[in-house]
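Asker: Next comes the structure file input.txt, holding compact mmCIF, C-alpha atoms and all ligand atoms.
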# COMPACT_ATOMS: atom_id res chain seq x y z
CA MET A 5 5.96 19.22 7.12
CA LEU A 6 6.03 15.44 7.07
CA ILE A 7 4.24 12.88 9.16
CA ARG A 8 4.94 9.20 9.08
CA LYS A 9 2.90 6.20 10.13
CA LEU A 10 4.29 2.73 10.47
CA PHE A 11 2.49 -0.45 9.44
CA ARG A 12 3.62 -4.06 9.67
CA PHE A 13 2.76 -7.25 7.85
CA GLU A 14 4.12 -10.75 7.27
CA ASN A 15 4.32 -11.93 3.68
CA ALA A 16 5.76 -14.78 1.62
CA HIS A 17 7.28 -14.53 -1.83
CA ILE A 18 9.90 -15.57 -4.32
CA VAL A 19 11.93 -12.86 -6.07
CA ARG A 20 12.81 -14.21 -9.50
CA ASN A 21 15.88 -13.17 -11.45
CA CYS A 22 17.69 -11.81 -8.41
CA SER A 23 21.28 -12.59 -7.49
CA SER A 24 20.59 -14.44 -4.25
CA ASP A 25 19.88 -18.11 -4.75
CA ARG A 26 17.87 -18.34 -1.53
CA CYS A 27 15.57 -15.55 -2.64
CA LYS A 28 14.90 -16.65 -6.17
CA ARG A 29 14.43 -20.40 -5.77
CA SER A 30 12.62 -20.82 -2.43
CA ILE A 31 9.37 -19.53 -1.03
CA HIS A 32 10.27 -17.56 2.07
CA GLY A 33 8.79 -14.86 4.26
CA HIS A 34 9.66 -11.47 5.68
CA SER A 35 8.37 -9.34 8.51
CA TYR A 36 7.77 -6.16 6.57
CA GLN A 37 7.49 -2.67 7.94
CA VAL A 38 5.92 0.02 5.81
CA GLU A 39 6.42 3.71 6.51
CA VAL A 40 3.81 5.96 4.90
CA LEU A 41 4.99 9.58 4.77
CA LEU A 42 2.44 12.32 4.15
CA GLU A 43 3.33 15.91 3.39
CA ALA A 44 1.43 19.18 3.80
CA HIS A 45 2.33 22.82 4.05
CA ALA A 46 -0.68 23.71 6.18
CA LEU A 47 -2.37 22.08 9.15
CA ASP A 48 -5.96 20.95 9.51
CA ASN A 49 -8.45 22.05 12.17
CA GLY A 50 -6.86 19.62 14.61
CA GLN A 51 -3.52 21.31 13.86
CA MET A 52 -2.29 18.13 12.23
CA VAL A 53 -1.05 17.29 8.74
CA TYR A 54 -3.55 14.41 8.64
CA ASP A 55 -5.09 12.59 11.58
CA PHE A 56 -3.25 9.30 12.10
CA GLY A 57 -6.62 7.78 12.95
CA LEU A 58 -7.82 8.38 9.39
CA MET A 59 -4.95 6.22 8.14
CA LYS A 60 -6.45 3.19 9.87
CA ASP A 61 -9.13 2.89 7.20
CA ASP A 62 -8.34 2.37 3.49
CA ILE A 63 -4.58 2.76 3.88
CA ARG A 64 -4.41 0.14 6.60
CA ASN A 65 -6.71 -2.20 4.68
CA LEU A 66 -4.53 -1.95 1.58
CA ILE A 67 -1.36 -2.81 3.49
CA ASP A 68 -3.03 -5.42 5.70
CA ALA A 69 -4.14 -7.23 2.53
CA PHE A 70 -0.59 -8.47 2.26
CA ASP A 71 -0.44 -9.85 5.80
CA HIS A 72 -0.16 -13.63 6.11
CA ALA A 73 -0.45 -13.85 2.34
CA VAL A 74 1.72 -14.92 -0.54
CA ALA A 75 2.48 -12.29 -3.17
CA PHE A 76 3.51 -13.42 -6.63
CA TRP A 77 4.37 -11.84 -9.95
CA ASP A 78 1.56 -12.66 -12.39
CA GLU A 79 4.15 -13.52 -15.03
CA ASP A 80 5.72 -16.23 -12.87
CA ASP A 81 5.55 -19.93 -13.71
CA ALA A 82 1.93 -21.02 -14.15
CA ASP A 83 2.37 -24.10 -11.95
CA TYR A 84 3.83 -21.99 -9.15
CA ILE A 85 0.95 -19.52 -9.36
CA ALA A 86 -1.57 -22.35 -9.34
CA ALA A 87 0.08 -23.86 -6.27
CA CYS A 88 0.03 -20.50 -4.46
CA LYS A 89 -3.67 -20.21 -5.14
CA GLN A 90 -4.32 -23.83 -4.20
CA PHE A 91 -2.50 -23.85 -0.88
CA SER A 92 -2.90 -20.27 0.32
CA ALA A 93 -6.31 -18.69 0.84
CA ARG A 94 -4.68 -15.29 1.07
CA TRP A 95 -2.76 -14.35 -2.08
CA ILE A 96 -2.13 -11.29 -4.21
CA ALA A 97 -1.24 -11.36 -7.88
CA LEU A 98 1.03 -8.45 -8.80
CA PRO A 99 1.97 -7.02 -12.21
CA VAL A 100 5.54 -6.72 -10.92
CA SER A 101 7.97 -8.87 -8.98
CA PRO A 102 7.47 -8.74 -5.19
CA SER A 103 10.82 -7.10 -4.45
CA ALA A 104 11.01 -4.43 -1.75
CA GLU A 105 11.42 -1.85 -4.51
CA GLN A 106 8.28 -2.92 -6.31
CA PHE A 107 6.36 -3.31 -3.06
CA SER A 108 7.17 0.33 -2.29
CA ARG A 109 5.97 1.38 -5.76
CA MET A 110 2.86 -0.76 -5.40
CA PHE A 111 1.96 0.71 -2.02
CA PHE A 112 2.68 4.23 -3.27
CA THR A 113 0.31 3.64 -6.18
CA LEU A 114 -2.47 2.15 -4.05
CA ILE A 115 -2.25 4.68 -1.22
CA ASP A 116 -1.95 7.63 -3.61
CA ARG A 117 -5.09 6.42 -5.37
CA ALA A 118 -6.98 6.07 -2.09
CA LEU A 119 -5.93 9.52 -0.89
CA SER A 120 -6.78 11.16 -4.20
CA LEU A 121 -10.29 9.72 -3.96
CA THR A 122 -10.80 10.88 -0.37
CA ASP A 123 -12.80 14.02 0.34
CA MET A 124 -11.16 15.33 3.48
CA ALA A 125 -13.46 17.02 5.95
CA ASN A 126 -11.42 18.68 8.66
CA GLY A 127 -9.69 21.59 6.98
CA GLU A 128 -6.91 19.59 5.35
CA GLN A 129 -5.57 21.58 2.41
CA ASP A 130 -2.68 20.08 0.51
CA VAL A 131 -2.13 16.64 1.99
CA ALA A 132 -0.05 14.58 -0.41
CA LEU A 133 1.75 11.26 -0.31
CA HIS A 134 5.45 12.10 0.00
CA SER A 135 6.95 8.61 -0.16
CA VAL A 136 6.57 5.02 0.97
CA ILE A 137 9.37 3.07 2.62
CA VAL A 138 9.20 -0.72 2.66
CA HIS A 139 11.56 -2.48 5.05
CA GLU A 140 11.94 -6.05 3.87
CA THR A 141 14.39 -6.95 6.64
CA ALA A 142 15.79 -5.23 9.71
CA THR A 143 18.61 -3.84 7.59
CA GLY A 144 17.25 -3.30 4.09
CA TYR A 145 14.55 -1.02 2.74
CA ALA A 146 13.34 0.62 -0.47
CA GLN A 147 11.79 4.09 -0.64
CA CYS A 148 9.48 5.13 -3.46
CA PHE A 149 8.89 8.77 -4.39
CA ARG A 150 6.37 10.10 -6.90
CA ALA A 151 9.06 10.33 -9.56
CA ASP A 152 9.54 6.57 -9.30
CA ILE A 153 5.98 5.84 -10.43
CA ASP A 154 5.96 7.42 -13.87
CA ASN A 155 9.45 6.36 -14.76
CA PRO A 156 9.68 4.52 -18.10
CA ARG A 157 13.07 3.14 -17.11
CA ILE A 158 11.40 1.28 -14.21
CA GLY A 159 8.15 0.48 -15.98
CA PRO A 160 4.48 0.93 -15.15
CA VAL A 161 2.58 -0.18 -12.08
CA ASP A 162 -0.65 -1.40 -13.63
CA MET A 163 -3.28 -1.34 -10.89
CA GLN A 164 -5.75 -3.10 -13.17
CA ARG A 165 -3.60 -6.23 -13.03
CA VAL A 166 -3.52 -6.46 -9.23
CA VAL A 167 -5.75 -9.27 -7.98
CA PHE A 168 -6.61 -9.87 -4.33
CA SER A 169 -7.91 -13.31 -3.39
CA GLU A 170 -11.48 -13.69 -2.21
CA GLN A 171 -10.24 -14.41 1.30
CA VAL A 172 -8.27 -11.15 1.41
CA ILE A 173 -11.24 -9.15 0.21
CA SER A 174 -13.62 -10.84 2.65
CA GLU A 175 -11.44 -9.77 5.58
CA TRP A 176 -11.44 -6.06 4.70
CA SER A 177 -13.60 -3.81 6.85
CA ASP A 178 -14.92 -2.49 3.52
CA THR A 179 -15.18 -5.32 1.02
CA THR A 180 -15.90 -2.84 -1.79
CA LEU A 181 -12.51 -1.14 -1.33
CA TRP A 182 -10.79 -2.48 -4.41
CA GLN A 183 -13.71 -1.96 -6.78
CA ARG A 184 -14.13 1.54 -5.37
CA LEU A 185 -10.49 2.40 -6.11
CA LEU A 186 -10.57 0.87 -9.59
CA ARG A 187 -13.76 2.70 -10.51
CA GLY A 188 -12.60 6.00 -9.03
CA LYS A 189 -15.47 6.24 -6.58
CA ARG A 190 -14.95 9.02 -4.06
CA LYS A 191 -15.15 8.56 -0.32
CA HIS A 192 -15.92 11.20 2.31
CA ASN A 193 -14.13 11.39 5.60
CA PRO A 194 -16.48 11.88 8.56
CA ARG A 195 -17.42 15.45 9.46
CA VAL A 196 -15.68 16.82 12.53
CA GLU A 197 -17.42 19.07 15.01
CA GLN A 198 -15.26 22.03 15.99
CA GLN A 199 -14.97 22.34 19.77
CA VAL A 200 -12.69 25.38 19.96
CA ILE A 201 -12.80 28.29 17.54
CA SER A 202 -9.48 30.08 17.72
CA ASN A 203 -9.52 33.86 17.53
CA ARG A 204 -5.83 34.12 16.65
ZN ZN B 1 12.62 -12.20 0.17
Here is the file; what I need is its structure written in the form of structure tokens.
Answerer:
Amino acid sequence: MLIRKLFRFENAHIVRNCSSDRCKRSIHGHSYQVEVLLEAHALDNGQMVYDFGLMKDDIRNLIDAFDHAVAFWDEDDADYIAACKQFSARWIALPVSPSAEQFSRMFFTLIDRALSLTDMANGEQDVALHSVIVHETATGYAQCFRADIDNPRIGPVDMQRVVFSEQVISEWSDTTLWQRLLRGKRKHNPRVEQQVISNR
């Protein structure tokens, strides 16, 4: 069974080397929508795949980091990167170009990492990230599956190279989030008191 939660954010970028002149030569923004699809073949004690409310923590913080921010490829022109940092308090340096395709791979990588480091506490059994869809516009999206992460033809997504600006980090509900994910520190979901014990 699949569940899907939708997130939104506004972000500015340039996509170098693409065919569209407007996209590759001018800073511009998009109203992104991100669909996070989780899969499980059993239900938790709440008879859910995974409580949507639990996705408002690390997963939401990771996506919200990109809101009202500029995202740039860390191999872009040094003057451009310096200007992004100078004139935008909220920025993210990425090891890949900020195309919808790479955004979907980036979010898959970050969310998969967060989920894998989460100790679930309400009877969840095999919750896994199925895919991430990133809508860059109202008509165009990219969808990343697990097979798209470890694909040498697409290249790596090096989490170690992702840098969030101080302003982004300071606005997270948990300012240790990124260090926690990089260091592989586990996090426990809150315990849930069972109100009904089913006999069937
Ligand atoms: Zn664009």
Asker: Report, in Å to a single decimal, how far apart CA of Val131 (chain A) and CA of His192 (chain A) are.
Answerer: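 If I compute the distance from CA of His192 (chain A) to CA of Val131 (chain A), I get 14.8 Å.
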Asker: Can you pull out every residue with an atom within 12 Å of ligand ZN 1 (chain B)? Use only C-alpha atoms and all ligand atoms and format it as a PyMOL selection string.
Answerer: chain A and resi 14-20+22-36+74-76+101-105+107+139-141+144-145
Asker: For Arg8 (chain A), find every residue with an atom within 10 Å (counting all atoms listed in the file), except residues of its own chain fewer than 5 positions away, and show them as a PyMOL selection string.
Answerer: chain A and resi 38-43+54+56+134-137
Asker: What's the 10 Å shell around region 91-95 of chain A, counting only C-alpha atoms, without same-chain residues fewer than 5 positions away, as a ChimeraX atom specification?
Answerer: /A:15-16,69-76,85-86,167-173,175
Asker: Give me the residues near Asp123 (chain A) as a PyMOL selection string, where near means some atom within 12 Å (using only C-alpha atoms) and where sequence neighbours in that chain fewer than 3 positions away do not count.
Answerer: chain A and resi 58+118-120+126-131+189-195
Asker: Which one is closest to Phe149 (chain A): A:Leu98, A:Leu66, A:Ala125, A:Met110? Count only C-alpha atoms.
Answerer: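 The answer is A:Met110, which sits nearest to Phe149 (chain A).
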Asker: Would you mind reading off the distance between CA of Phe13 (chain A) and CA of Val166 (chain A), one decimal, in Å?
Answerer: 18.2 Å
Asker: I'd like the interatomic distance between CA of Val200 (chain A) and CA of Gln51 (chain A), to a tenth of an Å.
Answerer: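 Calculated distance between CA of Val200 (chain A) and CA of Gln51 (chain A) is 11.7 Å.
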Asker: My list of candidates is A:Ile67, A:Ile201, A:Met5, A:Ala146. Which is closest to Leu114 (chain A) when distances are computed with all atoms listed in the file?
Answerer: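 Between A:Ile67, A:Ile201, A:Met5, A:Ala146, the residue approaching Leu114 (chain A) most closely is A:Ile67.
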Asker: Restricted to C-alpha atoms, what does region 13-165 of chain A look like when written out as a JSON list (two decimals), in the first residue's frame?
Answerer:
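Written file, decode_6.json:
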[["chain", "number", "residue", "atom", "x", "y", "z"],
["A", 13, "PHE", "CA", 7.95, 25.43, -1.37],
["A", 14, "GLU", "CA", 9.10, 28.41, -3.42],
["A", 15, "ASN", "CA", 12.66, 28.33, -4.70],
["A", 16, "ALA", "CA", 14.95, 30.21, -7.07],
["A", 17, "HIS", "CA", 17.60, 28.72, -9.32],
["A", 18, "ILE", "CA", 19.42, 28.65, -12.61],
["A", 19, "VAL", "CA", 19.64, 25.35, -14.51],
["A", 20, "ARG", "CA", 22.92, 25.42, -16.42],
["A", 21, "ASN", "CA", 23.51, 23.54, -19.65],
["A", 22, "CYS", "CA", 19.82, 23.10, -20.40],
["A", 23, "SER", "CA", 18.18, 23.82, -23.73],
["A", 24, "SER", "CA", 15.95, 26.68, -22.60],
["A", 25, "ASP", "CA", 17.68, 30.03, -22.68],
["A", 26, "ARG", "CA", 15.38, 31.47, -20.01],
["A", 27, "CYS", "CA", 16.25, 28.68, -17.61],
["A", 28, "LYS", "CA", 19.99, 28.62, -18.02],
["A", 29, "ARG", "CA", 20.84, 32.32, -18.13],
["A", 30, "SER", "CA", 18.43, 33.97, -15.65],
["A", 31, "ILE", "CA", 17.72, 33.50, -11.99],
["A", 32, "HIS", "CA", 14.05, 32.58, -11.75],
["A", 33, "GLY", "CA", 11.70, 30.89, -9.33],
["A", 34, "HIS", "CA", 9.17, 28.08, -9.22],
["A", 35, "SER", "CA", 6.34, 27.12, -6.92],
["A", 36, "TYR", "CA", 7.36, 23.55, -6.27],
["A", 37, "GLN", "CA", 5.17, 20.73, -5.06],
["A", 38, "VAL", "CA", 6.79, 17.64, -3.63],
["A", 39, "GLU", "CA", 4.93, 14.36, -3.29],
["A", 40, "VAL", "CA", 6.50, 11.94, -0.80],
["A", 41, "LEU", "CA", 5.23, 8.39, -1.32],
["A", 42, "LEU", "CA", 5.73, 5.83, 1.43],
["A", 43, "GLU", "CA", 5.13, 2.12, 1.02],
["A", 44, "ALA", "CA", 4.35, -0.65, 3.50],
["A", 45, "HIS", "CA", 2.80, -4.07, 3.34],
["A", 46, "ALA", "CA", 1.47, -3.95, 6.88],
["A", 47, "LEU", "CA", -0.29, -1.29, 8.94],
["A", 48, "ASP", "CA", 0.75, 0.20, 12.26],
["A", 49, "ASN", "CA", -1.28, 0.25, 15.48],
["A", 50, "GLY", "CA", -3.26, 3.19, 14.13],
["A", 51, "GLN", "CA", -4.03, 1.07, 11.05],
["A", 52, "MET", "CA", -1.98, 3.43, 8.93],
["A", 53, "VAL", "CA", 1.10, 2.96, 6.74],
["A", 54, "TYR", "CA", 2.75, 5.86, 8.61],
["A", 55, "ASP", "CA", 1.03, 8.66, 10.48],
["A", 56, "PHE", "CA", 0.99, 11.77, 8.28],
["A", 57, "GLY", "CA", 1.62, 13.77, 11.44],
["A", 58, "LEU", "CA", 5.04, 12.15, 11.81],
["A", 59, "MET", "CA", 5.99, 13.52, 8.40],
["A", 60, "LYS", "CA", 5.72, 17.07, 9.72],
["A", 61, "ASP", "CA", 9.01, 16.72, 11.57],
["A", 62, "ASP", "CA", 12.32, 15.92, 9.82],
["A", 63, "ILE", "CA", 10.77, 15.35, 6.39],
["A", 64, "ARG", "CA", 9.00, 18.69, 6.44],
["A", 65, "ASN", "CA", 12.10, 20.47, 7.76],
["A", 66, "LEU", "CA", 14.22, 19.03, 4.96],
["A", 67, "ILE", "CA", 11.82, 20.19, 2.27],
["A", 68, "ASP", "CA", 11.05, 23.51, 3.94],
["A", 69, "ALA", "CA", 14.78, 24.27, 3.91],
["A", 70, "PHE", "CA", 14.37, 25.04, 0.23],
["A", 71, "ASP", "CA", 11.49, 27.48, 0.72],
["A", 72, "HIS", "CA", 12.23, 31.12, -0.13],
["A", 73, "ALA", "CA", 15.81, 30.12, -0.80],
["A", 74, "VAL", "CA", 18.13, 29.99, -3.77],
["A", 75, "ALA", "CA", 19.55, 26.59, -4.68],
["A", 76, "PHE", "CA", 22.73, 26.44, -6.71],
["A", 77, "TRP", "CA", 25.06, 23.78, -8.08],
["A", 78, "ASP", "CA", 28.33, 24.00, -6.13],
["A", 79, "GLU", "CA", 30.25, 23.72, -9.40],
["A", 80, "ASP", "CA", 28.62, 26.84, -10.84],
["A", 81, "ASP", "CA", 30.50, 30.07, -11.52],
["A", 82, "ALA", "CA", 32.27, 31.26, -8.37],
["A", 83, "ASP", "CA", 31.03, 34.84, -8.78],
["A", 84, "TYR", "CA", 27.44, 33.64, -9.13],
["A", 85, "ILE", "CA", 27.73, 31.50, -6.00],
["A", 86, "ALA", "CA", 29.27, 34.39, -4.08],
["A", 87, "ALA", "CA", 26.43, 36.67, -5.16],
["A", 88, "CYS", "CA", 23.82, 34.11, -4.09],
["A", 89, "LYS", "CA", 25.42, 33.94, -0.67],
["A", 90, "GLN", "CA", 25.80, 37.71, -0.45],
["A", 91, "PHE", "CA", 22.25, 38.66, -1.38],
["A", 92, "SER", "CA", 20.23, 35.71, -0.08],
["A", 93, "ALA", "CA", 20.28, 34.69, 3.57],
["A", 94, "ARG", "CA", 18.61, 31.43, 2.66],
["A", 95, "TRP", "CA", 20.66, 29.35, 0.23],
["A", 96, "ILE", "CA", 21.53, 25.71, -0.36],
["A", 97, "ALA", "CA", 24.64, 24.50, -2.13],
["A", 98, "LEU", "CA", 23.99, 21.26, -4.01],
["A", 99, "PRO", "CA", 26.41, 18.72, -5.50],
["A", 100, "VAL", "CA", 24.12, 18.55, -8.53],
["A", 101, "SER", "CA", 22.28, 20.99, -10.75],
["A", 102, "PRO", "CA", 18.93, 22.15, -9.32],
["A", 103, "SER", "CA", 16.81, 20.56, -12.05],
["A", 104, "ALA", "CA", 13.51, 18.91, -11.10],
["A", 105, "GLU", "CA", 15.17, 15.55, -11.72],
["A", 106, "GLN", "CA", 18.02, 16.24, -9.35],
["A", 107, "PHE", "CA", 15.73, 17.83, -6.79],
["A", 108, "SER", "CA", 13.73, 14.60, -6.75],
["A", 109, "ARG", "CA", 16.94, 12.58, -6.27],
["A", 110, "MET", "CA", 18.12, 14.98, -3.59],
["A", 111, "PHE", "CA", 14.87, 14.78, -1.64],
["A", 112, "PHE", "CA", 14.78, 11.00, -2.03],
["A", 113, "THR", "CA", 18.29, 10.80, -0.58],
["A", 114, "LEU", "CA", 17.58, 13.14, 2.33],
["A", 115, "ILE", "CA", 14.20, 11.68, 3.26],
["A", 116, "ASP", "CA", 15.44, 8.09, 2.90],
["A", 117, "ARG", "CA", 18.29, 8.93, 5.25],
["A", 118, "ALA", "CA", 15.95, 10.50, 7.80],
["A", 119, "LEU", "CA", 13.55, 7.55, 7.68],
["A", 120, "SER", "CA", 16.34, 4.99, 7.97],
["A", 121, "LEU", "CA", 17.55, 6.74, 11.13],
["A", 122, "THR", "CA", 14.08, 6.87, 12.70],
["A", 123, "ASP", "CA", 13.10, 4.32, 15.32],
["A", 124, "MET", "CA", 9.38, 3.97, 14.76],
["A", 125, "ALA", "CA", 7.29, 3.39, 17.85],
["A", 126, "ASN", "CA", 3.75, 2.53, 16.86],
["A", 127, "GLY", "CA", 3.94, -0.91, 15.30],
["A", 128, "GLU", "CA", 5.21, 0.20, 11.90],
["A", 129, "GLN", "CA", 6.93, -2.75, 10.25],
["A", 130, "ASP", "CA", 8.27, -2.21, 6.77],
["A", 131, "VAL", "CA", 7.76, 1.46, 6.00],
["A", 132, "ALA", "CA", 9.95, 2.44, 3.08],
["A", 133, "LEU", "CA", 10.30, 5.43, 0.81],
["A", 134, "HIS", "CA", 8.71, 4.42, -2.50],
["A", 135, "SER", "CA", 9.44, 7.52, -4.57],
["A", 136, "VAL", "CA", 9.56, 11.30, -4.56],
["A", 137, "ILE", "CA", 7.82, 13.43, -7.16],
["A", 138, "VAL", "CA", 8.93, 17.02, -7.65],
["A", 139, "HIS", "CA", 6.59, 19.25, -9.62],
["A", 140, "GLU", "CA", 8.59, 22.19, -10.90],
["A", 141, "THR", "CA", 5.62, 23.73, -12.70],
["A", 142, "ALA", "CA", 1.92, 23.00, -12.99],
["A", 143, "THR", "CA", 2.64, 20.74, -15.96],
["A", 144, "GLY", "CA", 6.07, 19.21, -15.43],
["A", 145, "TYR", "CA", 7.41, 16.86, -12.79],
["A", 146, "ALA", "CA", 10.21, 14.37, -12.13],
["A", 147, "GLN", "CA", 9.81, 11.19, -10.09],
["A", 148, "CYS", "CA", 12.74, 9.49, -8.40],
["A", 149, "PHE", "CA", 12.70, 5.82, -7.43],
["A", 150, "ARG", "CA", 15.33, 3.96, -5.41],
["A", 151, "ALA", "CA", 16.92, 2.64, -8.60],
["A", 152, "ASP", "CA", 17.63, 6.23, -9.64],
["A", 153, "ILE", "CA", 19.90, 6.85, -6.65],
["A", 154, "ASP", "CA", 22.59, 4.23, -7.20],
["A", 155, "ASN", "CA", 22.71, 4.64, -10.93],
["A", 156, "PRO", "CA", 26.22, 5.26, -12.29],
["A", 157, "ARG", "CA", 24.74, 6.59, -15.51],
["A", 158, "ILE", "CA", 23.12, 9.43, -13.54],
["A", 159, "GLY", "CA", 25.90, 9.89, -11.02],
["A", 160, "PRO", "CA", 26.07, 10.06, -7.23],
["A", 161, "VAL", "CA", 24.14, 12.27, -4.86],
["A", 162, "ASP", "CA", 26.83, 13.20, -2.37],
["A", 163, "MET", "CA", 25.07, 14.27, 0.82],
["A", 164, "GLN", "CA", 28.37, 15.39, 2.31],
["A", 165, "ARG", "CA", 28.53, 18.19, -0.25]]
